[in-house]
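**Q** Hey, dropping structure-v2.pdb in here, PDB, C-alpha atoms and all ligand atoms:
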MODEL        1
ATOM      1  CA  MET A   1       0.000   0.000   0.000
ATOM      2  CA  LYS A   2       1.232   3.487  -0.842
ATOM      3  CA  VAL A   3       0.636   6.172   1.775
ATOM      4  CA  LEU A   4       1.042   9.732   0.517
ATOM      5  CA  ILE A   5       1.537  12.270   3.311
ATOM      6  CA  LEU A   6       0.878  15.917   2.450
ATOM      7  CA  GLY A   7       2.397  18.521   4.796
ATOM      8  CA  SER A   8       5.284  16.184   5.587
ATOM      9  CA  ASN A   9       7.381  19.011   7.077
ATOM     10  CA  GLY A  10       4.685  19.939   9.585
ATOM     11  CA  ARG A  11       4.347  18.919  13.222
ATOM     12  CA  LEU A  12       1.964  16.048  12.534
ATOM     13  CA  GLY A  13       3.062  15.191   8.996
ATOM     14  CA  ALA A  14       6.728  14.790   9.986
ATOM     15  CA  ALA A  15       5.777  12.489  12.868
ATOM     16  CA  LEU A  16       3.665  10.322  10.571
ATOM     17  CA  VAL A  17       6.462  10.039   7.996
ATOM     18  CA  ARG A  18       9.048   9.145  10.670
ATOM     19  CA  ARG A  19       6.852   6.535  12.373
ATOM     20  CA  TRP A  20       5.125   5.054   9.338
ATOM     21  CA  GLN A  21       8.369   4.462   7.456
ATOM     22  CA  THR A  22       8.754   1.471   9.791
ATOM     23  CA  LEU A  23       5.321  -0.022   8.982
ATOM     24  CA  PRO A  24       5.867  -3.374   7.171
ATOM     25  CA  ASP A  25       3.177  -3.031   4.503
ATOM     26  CA  ALA A  26       3.286   0.688   3.687
ATOM     27  CA  GLU A  27       5.405   2.612   1.203
ATOM     28  CA  VAL A  28       5.432   6.164   2.579
ATOM     29  CA  ILE A  29       5.646   9.013   0.073
ATOM     30  CA  ALA A  30       6.362  12.300   1.842
ATOM     31  CA  LEU A  31       5.116  15.389   0.008
ATOM     32  CA  THR A  32       6.007  18.915   1.021
ATOM     33  CA  ARG A  33       4.761  22.288  -0.186
ATOM     34  CA  VAL A  34       7.422  22.070  -2.946
ATOM     35  CA  GLN A  35       5.660  19.129  -4.640
ATOM     36  CA  VAL A  36       2.083  20.049  -3.658
ATOM     37  CA  ASP A  37       1.368  23.736  -3.038
ATOM     38  CA  LEU A  38      -2.204  23.973  -1.788
ATOM     39  CA  SER A  39      -2.346  27.721  -2.367
ATOM     40  CA  ASP A  40      -2.963  26.953  -6.065
ATOM     41  CA  PRO A  41      -5.728  24.286  -6.136
ATOM     42  CA  GLU A  42      -5.190  23.335  -9.787
ATOM     43  CA  LYS A  43      -1.438  22.891  -9.312
ATOM     44  CA  ALA A  44      -2.012  21.111  -6.001
ATOM     45  CA  GLU A  45      -4.207  18.541  -7.747
ATOM     46  CA  ALA A  46      -1.638  18.160 -10.520
ATOM     47  CA  GLY A  47       1.119  17.709  -7.896
ATOM     48  CA  VAL A  48      -0.734  14.825  -6.265
ATOM     49  CA  ALA A  49      -1.798  13.407  -9.642
ATOM     50  CA  ALA A  50       1.878  13.223 -10.665
ATOM     51  CA  VAL A  51       2.431  10.575  -7.976
ATOM     52  CA  PRO A  52       1.654   7.049  -9.215
ATOM     53  CA  PHE A  53      -0.928   5.810  -6.714
ATOM     54  CA  GLY A  54      -4.223   4.020  -7.096
ATOM     55  CA  ALA A  55      -6.813   1.619  -5.735
ATOM     56  CA  GLY A  56      -6.275   0.671  -2.098
ATOM     57  CA  ASP A  57      -3.748   3.448  -1.450
ATOM     58  CA  VAL A  58      -4.266   6.219   1.106
ATOM     59  CA  VAL A  59      -3.548   9.955   1.000
ATOM     60  CA  VAL A  60      -3.217  11.671   4.390
ATOM     61  CA  ASN A  61      -3.567  15.448   4.304
ATOM     62  CA  CYS A  62      -1.737  17.102   7.208
ATOM     63  CA  ALA A  63      -1.101  20.303   5.223
ATOM     64  CA  ALA A  64      -3.156  23.376   6.084
ATOM     65  CA  ALA A  65      -2.993  27.111   6.637
ATOM     66  CA  THR A  66      -2.670  26.753  10.435
ATOM     67  CA  ASP A  67      -1.857  30.366  11.349
ATOM     68  CA  VAL A  68      -5.257  31.224  12.832
ATOM     69  CA  ASP A  69      -4.682  34.985  12.764
ATOM     70  CA  GLY A  70      -3.005  34.781   9.346
ATOM     71  CA  CYS A  71      -6.206  33.221   7.955
ATOM     72  CA  GLU A  72      -8.147  36.351   8.997
ATOM     73  CA  LYS A  73      -5.676  38.506   7.081
ATOM     74  CA  ASP A  74      -5.581  36.339   3.917
ATOM     75  CA  ARG A  75      -9.076  34.901   3.653
ATOM     76  CA  ASP A  76      -8.821  33.944  -0.020
ATOM     77  CA  GLY A  77      -5.500  32.214   0.556
ATOM     78  CA  ALA A  78      -6.927  30.303   3.543
ATOM     79  CA  ARG A  79      -9.895  29.164   1.454
ATOM     80  CA  ARG A  80      -7.649  27.907  -1.344
ATOM     81  CA  ILE A  81      -5.421  25.962   1.073
ATOM     82  CA  ASN A  82      -7.997  24.692   3.579
ATOM     83  CA  THR A  83     -11.076  24.218   1.379
ATOM     84  CA  GLU A  84     -10.539  24.206  -2.370
ATOM     85  CA  SER A  85      -7.353  22.144  -2.613
ATOM     86  CA  PRO A  86      -8.563  19.434  -0.189
ATOM     87  CA  GLY A  87     -11.773  19.233  -2.250
ATOM     88  CA  ARG A  88      -9.876  18.713  -5.500
ATOM     89  CA  ILE A  89      -7.543  16.168  -3.912
ATOM     90  CA  ALA A  90     -10.542  14.332  -2.423
ATOM     91  CA  ARG A  91     -12.118  14.020  -5.876
ATOM     92  CA  LEU A  92      -8.799  12.920  -7.419
ATOM     93  CA  CYS A  93      -8.569  10.184  -4.762
ATOM     94  CA  VAL A  94     -12.040   8.955  -5.781
ATOM     95  CA  ALA A  95     -10.966   8.831  -9.438
ATOM     96  CA  ARG A  96      -7.917   6.766  -8.425
ATOM     97  CA  GLY A  97      -9.815   4.468  -6.032
ATOM     98  CA  ALA A  98      -7.851   5.753  -3.031
ATOM     99  CA  ARG A  99      -8.983   6.924   0.397
ATOM    100  CA  LEU A 100      -8.288  10.427   1.729
ATOM    101  CA  VAL A 101      -7.713  10.924   5.435
ATOM    102  CA  HIS A 102      -8.018  14.652   6.024
ATOM    103  CA  ILE A 103      -6.959  16.276   9.301
ATOM    104  CA  GLY A 104      -9.488  18.699  10.783
ATOM    105  CA  THR A 105      -9.710  20.939  13.823
ATOM    106  CA  ASP A 106     -11.662  21.626  17.013
ATOM    107  CA  TYR A 107     -11.884  25.268  15.816
ATOM    108  CA  VAL A 108     -14.924  24.311  13.706
ATOM    109  CA  PHE A 109     -16.898  24.611  16.979
ATOM    110  CA  ASP A 110     -17.839  27.779  18.852
ATOM    111  CA  GLY A 111     -16.701  26.325  22.190
ATOM    112  CA  THR A 112     -19.842  27.017  24.191
ATOM    113  CA  LEU A 113     -20.842  23.426  25.116
ATOM    114  CA  ASP A 114     -20.337  22.167  28.660
ATOM    115  CA  ARG A 115     -19.343  18.684  27.496
ATOM    116  CA  PRO A 116     -16.878  17.337  24.922
ATOM    117  CA  TYR A 117     -17.970  17.752  21.304
ATOM    118  CA  THR A 118     -19.120  14.643  19.426
ATOM    119  CA  GLU A 119     -18.990  14.161  15.672
ATOM    120  CA  GLU A 120     -22.749  14.863  15.544
ATOM    121  CA  ASP A 121     -22.550  18.280  17.215
ATOM    122  CA  GLU A 122     -23.217  21.196  14.938
ATOM    123  CA  PRO A 123     -20.093  23.137  13.943
ATOM    124  CA  LYS A 124     -20.253  26.930  14.302
ATOM    125  CA  PRO A 125     -16.809  28.329  13.507
ATOM    126  CA  LEU A 126     -15.867  31.699  14.987
ATOM    127  CA  SER A 127     -12.844  32.338  12.769
ATOM    128  CA  HIS A 128     -11.955  32.212   9.109
ATOM    129  CA  TYR A 129      -9.514  29.389   9.913
ATOM    130  CA  GLY A 130     -12.372  27.393  11.469
ATOM    131  CA  LEU A 131     -14.744  28.222   8.622
ATOM    132  CA  THR A 132     -12.336  27.291   5.829
ATOM    133  CA  LYS A 133     -11.371  24.074   7.637
ATOM    134  CA  LEU A 134     -15.050  23.176   8.082
ATOM    135  CA  GLU A 135     -15.758  23.782   4.414
ATOM    136  CA  GLY A 136     -12.719  21.604   3.607
ATOM    137  CA  ASP A 137     -14.168  18.804   5.774
ATOM    138  CA  ARG A 138     -17.439  19.082   3.860
ATOM    139  CA  GLU A 139     -15.734  18.989   0.435
ATOM    140  CA  VAL A 140     -13.809  15.874   1.456
ATOM    141  CA  LEU A 141     -16.867  14.041   2.788
ATOM    142  CA  ALA A 142     -18.997  15.057  -0.213
ATOM    143  CA  ALA A 143     -16.431  13.454  -2.539
ATOM    144  CA  SER A 144     -16.717   9.964  -1.015
ATOM    145  CA  PRO A 145     -18.275   8.227   1.988
ATOM    146  CA  ALA A 146     -15.008   6.271   2.281
ATOM    147  CA  HIS A 147     -12.957   9.410   3.047
ATOM    148  CA  CYS A 148     -12.230  10.298   6.668
ATOM    149  CA  VAL A 149     -12.015  13.645   8.449
ATOM    150  CA  VAL A 150     -10.073  13.340  11.695
ATOM    151  CA  ARG A 151     -10.504  16.388  13.929
ATOM    152  CA  VAL A 152      -7.663  16.947  16.381
ATOM    153  CA  SER A 153      -6.818  19.661  18.937
ATOM    154  CA  TRP A 154      -3.665  21.280  20.404
ATOM    155  CA  VAL A 155      -1.127  19.268  18.431
ATOM    156  CA  PHE A 156       2.300  18.812  20.039
ATOM    157  CA  GLY A 157       5.269  16.544  19.416
ATOM    158  CA  PRO A 158       9.016  16.247  18.844
ATOM    159  CA  ASP A 159       9.206  17.311  15.199
ATOM    160  CA  LYS A 160       8.304  20.994  15.523
ATOM    161  CA  PRO A 161       7.929  23.194  18.641
ATOM    162  CA  SER A 162       4.459  24.087  19.934
ATOM    163  CA  PHE A 163       2.983  25.836  22.987
ATOM    164  CA  VAL A 164       4.499  23.452  25.572
ATOM    165  CA  ASP A 165       7.985  23.726  24.096
ATOM    166  CA  ALA A 166       7.730  27.517  23.969
ATOM    167  CA  ILE A 167       6.665  27.864  27.607
ATOM    168  CA  VAL A 168       9.482  25.578  28.808
ATOM    169  CA  LYS A 169      12.068  27.280  26.621
ATOM    170  CA  ARG A 170      11.051  30.677  27.947
ATOM    171  CA  ALA A 171      11.280  29.408  31.541
ATOM    172  CA  LEU A 172      14.979  28.626  30.984
ATOM    173  CA  THR A 173      15.692  32.358  31.141
ATOM    174  CA  SER A 174      12.607  33.885  32.805
ATOM    175  CA  PRO A 175      10.995  33.083  36.186
ATOM    176  CA  GLU A 176       7.693  34.533  34.898
ATOM    177  CA  ALA A 177       5.199  32.341  33.030
ATOM    178  CA  ALA A 178       1.581  33.039  32.180
ATOM    179  CA  ALA A 179      -1.088  31.327  30.082
ATOM    180  CA  VAL A 180      -4.825  31.533  29.434
ATOM    181  CA  HIS A 181      -6.870  29.681  32.068
ATOM    182  CA  ASP A 182     -10.383  30.024  30.634
ATOM    183  CA  LYS A 183      -9.786  28.190  27.354
ATOM    184  CA  THR A 184      -9.980  24.400  27.527
ATOM    185  CA  SER A 185      -9.470  21.449  25.196
ATOM    186  CA  ALA A 186      -7.180  18.418  25.077
ATOM    187  CA  PRO A 187      -3.677  18.079  23.656
ATOM    188  CA  SER A 188      -2.970  15.635  20.800
ATOM    189  CA  TYR A 189       0.514  14.050  20.951
ATOM    190  CA  THR A 190       1.879  13.334  17.470
ATOM    191  CA  GLU A 191       3.648  10.136  18.621
ATOM    192  CA  ASP A 192       0.236   8.819  19.732
ATOM    193  CA  MET A 193      -1.471  10.188  16.635
ATOM    194  CA  ALA A 194       0.903   8.118  14.477
ATOM    195  CA  VAL A 195      -0.396   4.954  16.170
ATOM    196  CA  TRP A 196      -4.051   6.010  16.130
ATOM    197  CA  LEU A 197      -4.085   7.328  12.554
ATOM    198  CA  ALA A 198      -2.573   4.071  11.285
ATOM    199  CA  GLU A 199      -6.018   2.576  11.975
ATOM    200  CA  PHE A 200      -7.406   4.691   9.107
ATOM    201  CA  LEU A 201      -5.069   2.924   6.673
ATOM    202  CA  LYS A 202      -7.336  -0.094   7.207
ATOM    203  CA  PHE A 203     -10.361   0.108   4.963
ATOM    204  CA  SER A 204     -12.323  -1.810   7.615
ATOM    205  CA  VAL A 205     -12.514   1.504   9.517
ATOM    206  CA  PRO A 206     -15.530   3.242   7.945
ATOM    207  CA  GLY A 207     -15.337   6.688   6.382
ATOM    208  CA  GLY A 208     -16.773   9.751   8.098
ATOM    209  CA  ILE A 209     -15.804  12.194  10.841
ATOM    210  CA  TYR A 210     -13.742  11.140  13.866
ATOM    211  CA  HIS A 211     -12.621  13.170  16.873
ATOM    212  CA  LEU A 212      -9.176  12.209  18.127
ATOM    213  CA  CYS A 213      -6.950  13.578  20.892
ATOM    214  CA  ASN A 214      -5.465  12.483  24.201
ATOM    215  CA  SER A 215      -8.063  11.972  26.926
ATOM    216  CA  GLY A 216      -9.001  14.454  29.623
ATOM    217  CA  THR A 217      -9.491  18.197  29.505
ATOM    218  CA  CYS A 218      -7.204  21.053  30.482
ATOM    219  CA  SER A 219      -6.686  24.765  30.096
ATOM    220  CA  TRP A 220      -3.642  26.274  28.404
ATOM    221  CA  ARG A 221      -2.494  27.176  31.920
ATOM    222  CA  ASP A 222      -2.858  23.563  33.235
ATOM    223  CA  TYR A 223      -1.107  22.286  30.129
ATOM    224  CA  GLY A 224       1.776  24.769  30.475
ATOM    225  CA  GLU A 225       2.173  24.128  34.212
ATOM    226  CA  TYR A 226       2.291  20.366  33.718
ATOM    227  CA  ALA A 227       4.829  20.784  30.908
ATOM    228  CA  LEU A 228       7.081  22.808  33.239
ATOM    229  CA  GLU A 229       6.757  20.169  35.989
ATOM    230  CA  CYS A 230       7.627  17.357  33.561
ATOM    231  CA  ALA A 231      10.562  19.291  32.135
ATOM    232  CA  LYS A 232      11.911  19.968  35.655
ATOM    233  CA  ALA A 233      11.453  16.307  36.647
ATOM    234  CA  ASN A 234      13.594  15.394  33.634
ATOM    235  CA  GLY A 235      16.435  17.735  34.576
ATOM    236  CA  VAL A 236      15.558  20.729  32.409
ATOM    237  CA  PRO A 237      16.710  23.766  34.473
ATOM    238  CA  VAL A 238      13.471  25.786  34.333
ATOM    239  CA  LEU A 239      13.269  28.845  36.621
ATOM    240  CA  THR A 240       9.592  28.298  37.489
ATOM    241  CA  THR A 241       6.839  25.684  37.417
ATOM    242  CA  THR A 242       4.091  28.179  38.246
ATOM    243  CA  VAL A 243       1.979  29.660  35.465
ATOM    244  CA  ALA A 244      -0.006  32.803  36.208
ATOM    245  CA  PRO A 245      -3.586  32.872  34.854
ATOM    246  CA  LEU A 246      -4.538  35.089  31.912
ATOM    247  CA  LYS A 247      -8.033  35.599  30.539
ATOM    248  CA  LEU A 248      -8.820  34.803  26.916
ATOM    249  CA  SER A 249     -10.458  38.237  26.678
ATOM    250  CA  ASP A 250      -7.136  39.826  27.719
ATOM    251  CA  MET A 251      -5.301  38.446  24.676
ATOM    252  CA  LYS A 252      -5.461  41.686  22.733
ATOM    253  CA  ASN A 253      -2.921  40.532  20.157
ATOM    254  CA  PHE A 254      -5.282  37.770  18.917
ATOM    255  CA  ILE A 255      -6.965  38.797  15.665
ATOM    256  CA  ALA A 256      -9.208  35.732  15.251
ATOM    257  CA  VAL A 257     -11.823  34.865  17.862
ATOM    258  CA  ARG A 258     -10.888  31.603  19.608
ATOM    259  CA  PRO A 259     -13.512  29.144  20.893
ATOM    260  CA  PRO A 260     -13.315  28.866  24.704
ATOM    261  CA  LYS A 261     -14.139  25.173  25.338
ATOM    262  CA  THR A 262     -13.426  22.571  22.662
ATOM    263  CA  PRO A 263     -12.662  19.200  24.268
ATOM    264  CA  LEU A 264     -13.383  16.470  21.706
ATOM    265  CA  ASP A 265     -15.271  13.268  22.521
ATOM    266  CA  THR A 266     -13.244  10.335  21.167
ATOM    267  CA  ALA A 267     -15.789   7.585  22.003
ATOM    268  CA  LYS A 268     -16.559   6.857  18.321
ATOM    269  CA  PHE A 269     -12.895   6.186  17.517
ATOM    270  CA  ALA A 270     -12.534   4.012  20.635
ATOM    271  CA  ARG A 271     -15.683   2.056  19.807
ATOM    272  CA  ILE A 272     -14.629   1.331  16.218
ATOM    273  CA  THR A 273     -10.916   0.649  16.766
ATOM    274  CA  GLY A 274     -10.811  -0.630  20.355
ATOM    275  CA  ILE A 275      -8.134   2.001  21.125
ATOM    276  CA  THR A 276      -8.695   4.353  24.057
ATOM    277  CA  PRO A 277      -6.368   7.375  23.864
ATOM    278  CA  ARG A 278      -4.148   7.705  26.932
ATOM    279  CA  PRO A 279      -4.519  10.751  29.231
ATOM    280  CA  TRP A 280      -2.915  13.983  28.076
ATOM    281  CA  ARG A 281      -0.698  14.096  31.187
ATOM    282  CA  GLU A 282       0.960  10.774  30.230
ATOM    283  CA  ALA A 283       1.569  12.107  26.740
ATOM    284  CA  VAL A 284       3.177  15.317  28.058
ATOM    285  CA  GLU A 285       5.366  13.228  30.401
ATOM    286  CA  ALA A 286       6.509  11.126  27.428
ATOM    287  CA  HIS A 287       7.277  14.255  25.392
ATOM    288  CA  PHE A 288       9.612  15.654  28.063
ATOM    289  CA  LYS A 289      11.515  12.369  28.654
ATOM    290  CA  ASN A 290      14.215  13.251  26.122
ATOM    291  CA  TRP A 291      13.439  16.908  25.532
ATOM    292  CA  LYS A 292      16.101  19.297  24.241
ATOM    293  CA  ALA A 293      15.711  23.108  24.097
TER
HETATM  294  N1  LIG B 301      -1.403  22.739  15.623
HETATM  295  C1  LIG B 301      -2.531  22.575  16.287
HETATM  296  O1  LIG B 301      -2.602  22.853  17.494
HETATM  297  C2  LIG B 301      -3.755  22.040  15.598
HETATM  298  C3  LIG B 301      -4.966  22.020  16.284
HETATM  299  C4  LIG B 301      -6.098  21.500  15.654
HETATM  300  C5  LIG B 301      -6.006  21.012  14.358
HETATM  301  N2  LIG B 301      -4.807  21.066  13.709
HETATM  302  C6  LIG B 301      -4.754  20.554  12.329
HETATM  303  O2  LIG B 301      -3.790  19.528  12.283
HETATM  304  C7  LIG B 301      -3.177  19.498  10.972
HETATM  305  C8  LIG B 301      -1.661  19.476  11.129
HETATM  306  O3  LIG B 301      -1.269  20.639  11.821
HETATM  307  P1  LIG B 301       0.207  20.822  12.386
HETATM  308  O4  LIG B 301       0.094  21.120  13.826
HETATM  309  O5  LIG B 301       1.095  19.713  11.942
HETATM  310  O6  LIG B 301       0.561  22.179  11.642
HETATM  311  P2  LIG B 301       1.908  22.711  10.985
HETATM  312  O7  LIG B 301       3.088  22.230  11.736
HETATM  313  O8  LIG B 301       1.666  24.163  10.800
HETATM  314  O9  LIG B 301       1.911  21.970   9.578
HETATM  315  C9  LIG B 301       1.138  22.398   8.514
HETATM  316  C10 LIG B 301       1.803  21.933   7.248
HETATM  317  O10 LIG B 301       1.060  22.492   6.174
HETATM  318  C11 LIG B 301       1.987  22.947   5.222
HETATM  319  N3  LIG B 301       1.438  24.011   4.409
HETATM  320  C12 LIG B 301       1.058  25.256   4.785
HETATM  321  N4  LIG B 301       0.672  25.962   3.708
HETATM  322  C13 LIG B 301       0.815  25.130   2.646
HETATM  323  C14 LIG B 301       0.579  25.262   1.265
HETATM  324  N5  LIG B 301       0.156  26.415   0.717
HETATM  325  N6  LIG B 301       0.823  24.201   0.459
HETATM  326  C15 LIG B 301       1.283  23.052   0.966
HETATM  327  N7  LIG B 301       1.543  22.870   2.259
HETATM  328  C16 LIG B 301       1.300  23.897   3.096
HETATM  329  C17 LIG B 301       3.169  23.438   6.015
HETATM  330  O11 LIG B 301       4.283  23.465   5.153
HETATM  331  P3  LIG B 301       5.670  24.147   5.561
HETATM  332  O12 LIG B 301       6.304  23.150   6.506
HETATM  333  O13 LIG B 301       6.376  24.277   4.270
HETATM  334  O14 LIG B 301       5.331  25.454   6.214
HETATM  335  C18 LIG B 301       3.248  22.384   7.103
HETATM  336  O15 LIG B 301       4.037  21.295   6.672
HETATM  337  C19 LIG B 301      -3.746  20.699  10.219
HETATM  338  O16 LIG B 301      -4.822  20.264   9.423
HETATM  339  C20 LIG B 301      -4.302  21.589  11.319
HETATM  340  O17 LIG B 301      -5.389  22.367  10.847
HETATM  341  C21 LIG B 301      -3.674  21.555  14.294
ENDMDL
END
Represent the supplied structure as structure tokens.
**A**
Amino acid sequence: MKVLILGSNGRLGAALVRRWQTLPDAEVIALTRVQVDLSDPEKAEAGVAAVPFGAGDVVVNCAAATDVDGCEKDRDGARRINTESPGRIARLCVARGARLVHIGTDYVFDGTLDRPYTEEDEPKPLSHYGLTKLEGDREVLAASPAHCVVRVSWVFGPDKPSFVDAIVKRALTSPEAAAVHDKTSAPSYTEDMAVWLAEFLKFSVPGGIYHLCNSGTCSWRDYGEYALECAKANGVPVLTTTVAPLKLSDMKNFIAVRPPKTPLDTAKFARITGITPRPWREAVEAHFKNWKA
């Protein structure tokens, strides 16, 4: 089976390439922006079409315009990358007999529910990033019932720094740390995602939407504080493990509106695959075992 990974230089894409290269039955084809530039949908389709793949193969799209504020500034660009190109690639996959696994986001929701979001909950994006991602999900699912949209949240891992790495790095030189306390979700560890997403390479897993992240719920502040504790426990000389609370409404430099509460309910994935994602704290501990600034 060929597995084409778009966005192979990204946080998630790089982890999938690294881990899936060891899978016995998969030939991994890593595609970066150089081969497949989603900002030009026609060229993006041609870039994927140039790869010889066909029936029974899988394309995994980890590429996206992920700069949430940047998507407000360049709305047309965000639509081309997050909506139009995934739609074209989804239809190309149908023509070739292949499945598309498209990575989505918790930002399709408005974050007002008091329980984790299920796949059936109605999306109401607050930002252009969320809107263009949602429309991308819809294009992908309209192309084929065999395609999958896997919505993840707060992606972190060893291949590219994210929030937890930034807060620990800063604490190497500053005793002050602060993070938003009234925004909650769950982190998604790319090393775990590589195991979970491999399930979607099996055609026995039905198409449709899946929510997937580590279990439990936390705020950015909880997440940052636990990262600092784990880093310290592993010998990283941080100057603090205390994170002062900030309010989401105080983040004046944010251009896009962020949803306040977006934990994702992963029961559907667990029911279909038999895999229950481990708690986010265990994943953060694993991340800081061999962490380097
Ligand atoms: N990061 C999060 O917290 C988070 C949360 C929820 C959902 N997600 C979703 O998870 C997926 C993976 O995100 P990530 O965290 O791995 O993000 P990332 O590190 O920003 O990776 C995104 C990838 O997309 C590529 N890309 C951007 N513009 C492109 C274009 N015009 N043409 C082709 N490739 C382009 C980037 O290429 P370059 O390497 O060349 O820049 C990068 O490899 C995305 O669908 C994202 O929406 C992420």
**Q** With distances taken over all atoms listed in the file, which residue among A:Ile29, A:Ile167, A:Ala46, A:Leu23 lies nearest A:Val238?
**A**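 Looking at the shortest contact to A:Val238, the residue is A:Ile167.
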**Q** For ligand LIG 301 (chain B), which residue among A:Cys213, A:Ala198, A:Ala142, A:Gly54 is the nearest when counting all atoms listed in the file?
**A** A:Cys213
**Q** Restricting the calculation to only C-alpha atoms and all ligand atoms: of A:Ser162, A:Thr22, A:Thr83, A:Ser249, which residue gets closest to ligand LIG 301 (chain B)?
**A**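 Under the stated criterion, the closest residue is A:Ser162.
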**Q** Which residues are near ligand LIG 301 (chain B) in this structure, taking near to mean any atom at most 9 Å from a ligand atom and counting all atoms listed in the file? Format them as number ranges by chain.
**A** A: 6-15, 31-40, 44, 61-67, 77-78, 80-82, 85, 102-107, 129-130, 133, 150-157, 159-163, 187-188, 190
**Q** Taking the file as shown, what set of residues would the PyMOL selection byres (((chain A and resi 110-113) around 10) and not hetatm) give back, as a list in words?
**A** Asp106, Tyr107, Val108, Phe109, Asp114, Arg115, Pro116, Tyr117, Asp121, Glu122, Pro123, Lys124, Pro125, Leu126, Ser127, Gly130, Lys183, Thr184, Ser185, Val257, Arg258, Pro259, Pro260, Lys261, Thr262 and Pro263 of chain A
**Q** Would you write out, as a list of chain:residue names, every residue that the PyMOL selection byres (((chain A and resi 97) around 10) and not hetatm) captures in this file?
**A**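 Applying the expression gives A:Phe53, A:Gly54, A:Ala55, A:Gly56, A:Asp57, A:Val58, A:Arg91, A:Leu92, A:Cys93, A:Val94, A:Ala95, A:Arg96, A:Ala98, A:Arg99, A:Leu100, A:Ala146.
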**Q** Please determine, counting only C-alpha atoms, which residue among A:Ala166, A:Val236, A:Ile209, A:Leu4 has the shortest atom-to-atom distance to A:Pro145.
**A**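 Closest candidate: A:Ile209.
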**Q** So, with only C-alpha atoms as the atoms that count, which of A:Val195, A:Val101, A:Ile89, A:Ala179 lies closest to A:Lys43?
**A** A:Ile89
**Q** Which is closest to A:Ala227 among A:Glu285, A:Asp182, A:Asp265, A:Asp25, if we use all atoms listed in the file?
**A**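 Nearest candidate to A:Ala227 out of A:Glu285, A:Asp182, A:Asp265, A:Asp25: A:Glu285.
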**Q** Around stretch 197-206 of chain A, with edges along x, y and z and 3 Å added on all six sides, what centre and edge lengths do you get, in Å to one decimal, as lines of an AutoDock Vina configuration file?
**A**
center_x = -9.1
center_y = 2.8
center_z = 8.8
size_x = 19.0
size_y = 15.1
size_z = 13.6
**Q** Distance atom CA of A:Ala231-atom CA of A:Thr217, one decimal place?
**A**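 Here the two named atoms are 20.3 Å from each other.
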**Q** Apply the PyMOL selection byres (((chain A and resi 175) around 12) and not hetatm) to the file shown and report the selected residues as a list in words.
**A** Ile167, Val168, Lys169, Arg170, Ala171, Leu172, Thr173, Ser174, Glu176, Ala177, Ala178, Leu228, Pro237, Val238, Leu239, Thr240, Thr241, Thr242, Val243 and Ala244 of chain A
**Q** Leaving out A:Pro158 and any residue of its chain fewer than 6 positions from it, which residues lie within 12 Å of it when counting only C-alpha atoms, given as a PyMOL selection string?
**A** chain A and resi 10-16+18-19+164-165+189-192+283-284+286-293
**Q** Could stretch 86-97 of chain A be completed with N, CA and C atoms and returned as a PDB file, in the frame of the given file?
**A**
ATOM      1  N   PRO A  86      -8.116  20.746  -0.707  1.00  0.00           N
ATOM      2  CA  PRO A  86      -8.563  19.434  -0.189  1.00  0.00           C
ATOM      3  C   PRO A  86      -9.724  18.860  -0.982  1.00  0.00           C
ATOM      4  N   GLY A  87     -10.647  19.719  -1.447  1.00  0.00           N
ATOM      5  CA  GLY A  87     -11.773  19.233  -2.250  1.00  0.00           C
ATOM      6  C   GLY A  87     -11.296  18.584  -3.545  1.00  0.00           C
ATOM      7  N   ARG A  88     -10.390  19.267  -4.228  1.00  0.00           N
ATOM      8  CA  ARG A  88      -9.876  18.713  -5.500  1.00  0.00           C
ATOM      9  C   ARG A  88      -9.131  17.401  -5.262  1.00  0.00           C
ATOM     10  N   ILE A  89      -8.325  17.381  -4.192  1.00  0.00           N
ATOM     11  CA  ILE A  89      -7.543  16.168  -3.912  1.00  0.00           C
ATOM     12  C   ILE A  89      -8.489  15.022  -3.524  1.00  0.00           C
ATOM     13  N   ALA A  90      -9.556  15.362  -2.809  1.00  0.00           N
ATOM     14  CA  ALA A  90     -10.542  14.332  -2.423  1.00  0.00           C
ATOM     15  C   ALA A  90     -11.171  13.709  -3.664  1.00  0.00           C
ATOM     16  N   ARG A  91     -11.490  14.543  -4.658  1.00  0.00           N
ATOM     17  CA  ARG A  91     -12.118  14.020  -5.876  1.00  0.00           C
ATOM     18  C   ARG A  91     -11.102  13.226  -6.716  1.00  0.00           C
ATOM     19  N   LEU A  92      -9.850  13.676  -6.724  1.00  0.00           N
ATOM     20  CA  LEU A  92      -8.799  12.920  -7.419  1.00  0.00           C
ATOM     21  C   LEU A  92      -8.646  11.528  -6.783  1.00  0.00           C
ATOM     22  N   CYS A  93      -8.685  11.476  -5.460  1.00  0.00           N
ATOM     23  CA  CYS A  93      -8.569  10.184  -4.762  1.00  0.00           C
ATOM     24  C   CYS A  93      -9.699   9.248  -5.192  1.00  0.00           C
ATOM     25  N   VAL A  94     -10.910   9.783  -5.345  1.00  0.00           N
ATOM     26  CA  VAL A  94     -12.040   8.955  -5.781  1.00  0.00           C
ATOM     27  C   VAL A  94     -11.740   8.395  -7.179  1.00  0.00           C
ATOM     28  N   ALA A  95     -11.268   9.265  -8.066  1.00  0.00           N
ATOM     29  CA  ALA A  95     -10.966   8.831  -9.438  1.00  0.00           C
ATOM     30  C   ALA A  95      -9.904   7.734  -9.453  1.00  0.00           C
ATOM     31  N   ARG A  96      -8.991   7.775  -8.475  1.00  0.00           N
ATOM     32  CA  ARG A  96      -7.917   6.766  -8.425  1.00  0.00           C
ATOM     33  C   ARG A  96      -8.283   5.543  -7.568  1.00  0.00           C
ATOM     34  N   GLY A  97      -9.438   5.584  -6.904  1.00  0.00           N
ATOM     35  CA  GLY A  97      -9.815   4.468  -6.032  1.00  0.00           C
ATOM     36  C   GLY A  97      -9.112   4.480  -4.691  1.00  0.00           C
TER      37      GLY A  97
END
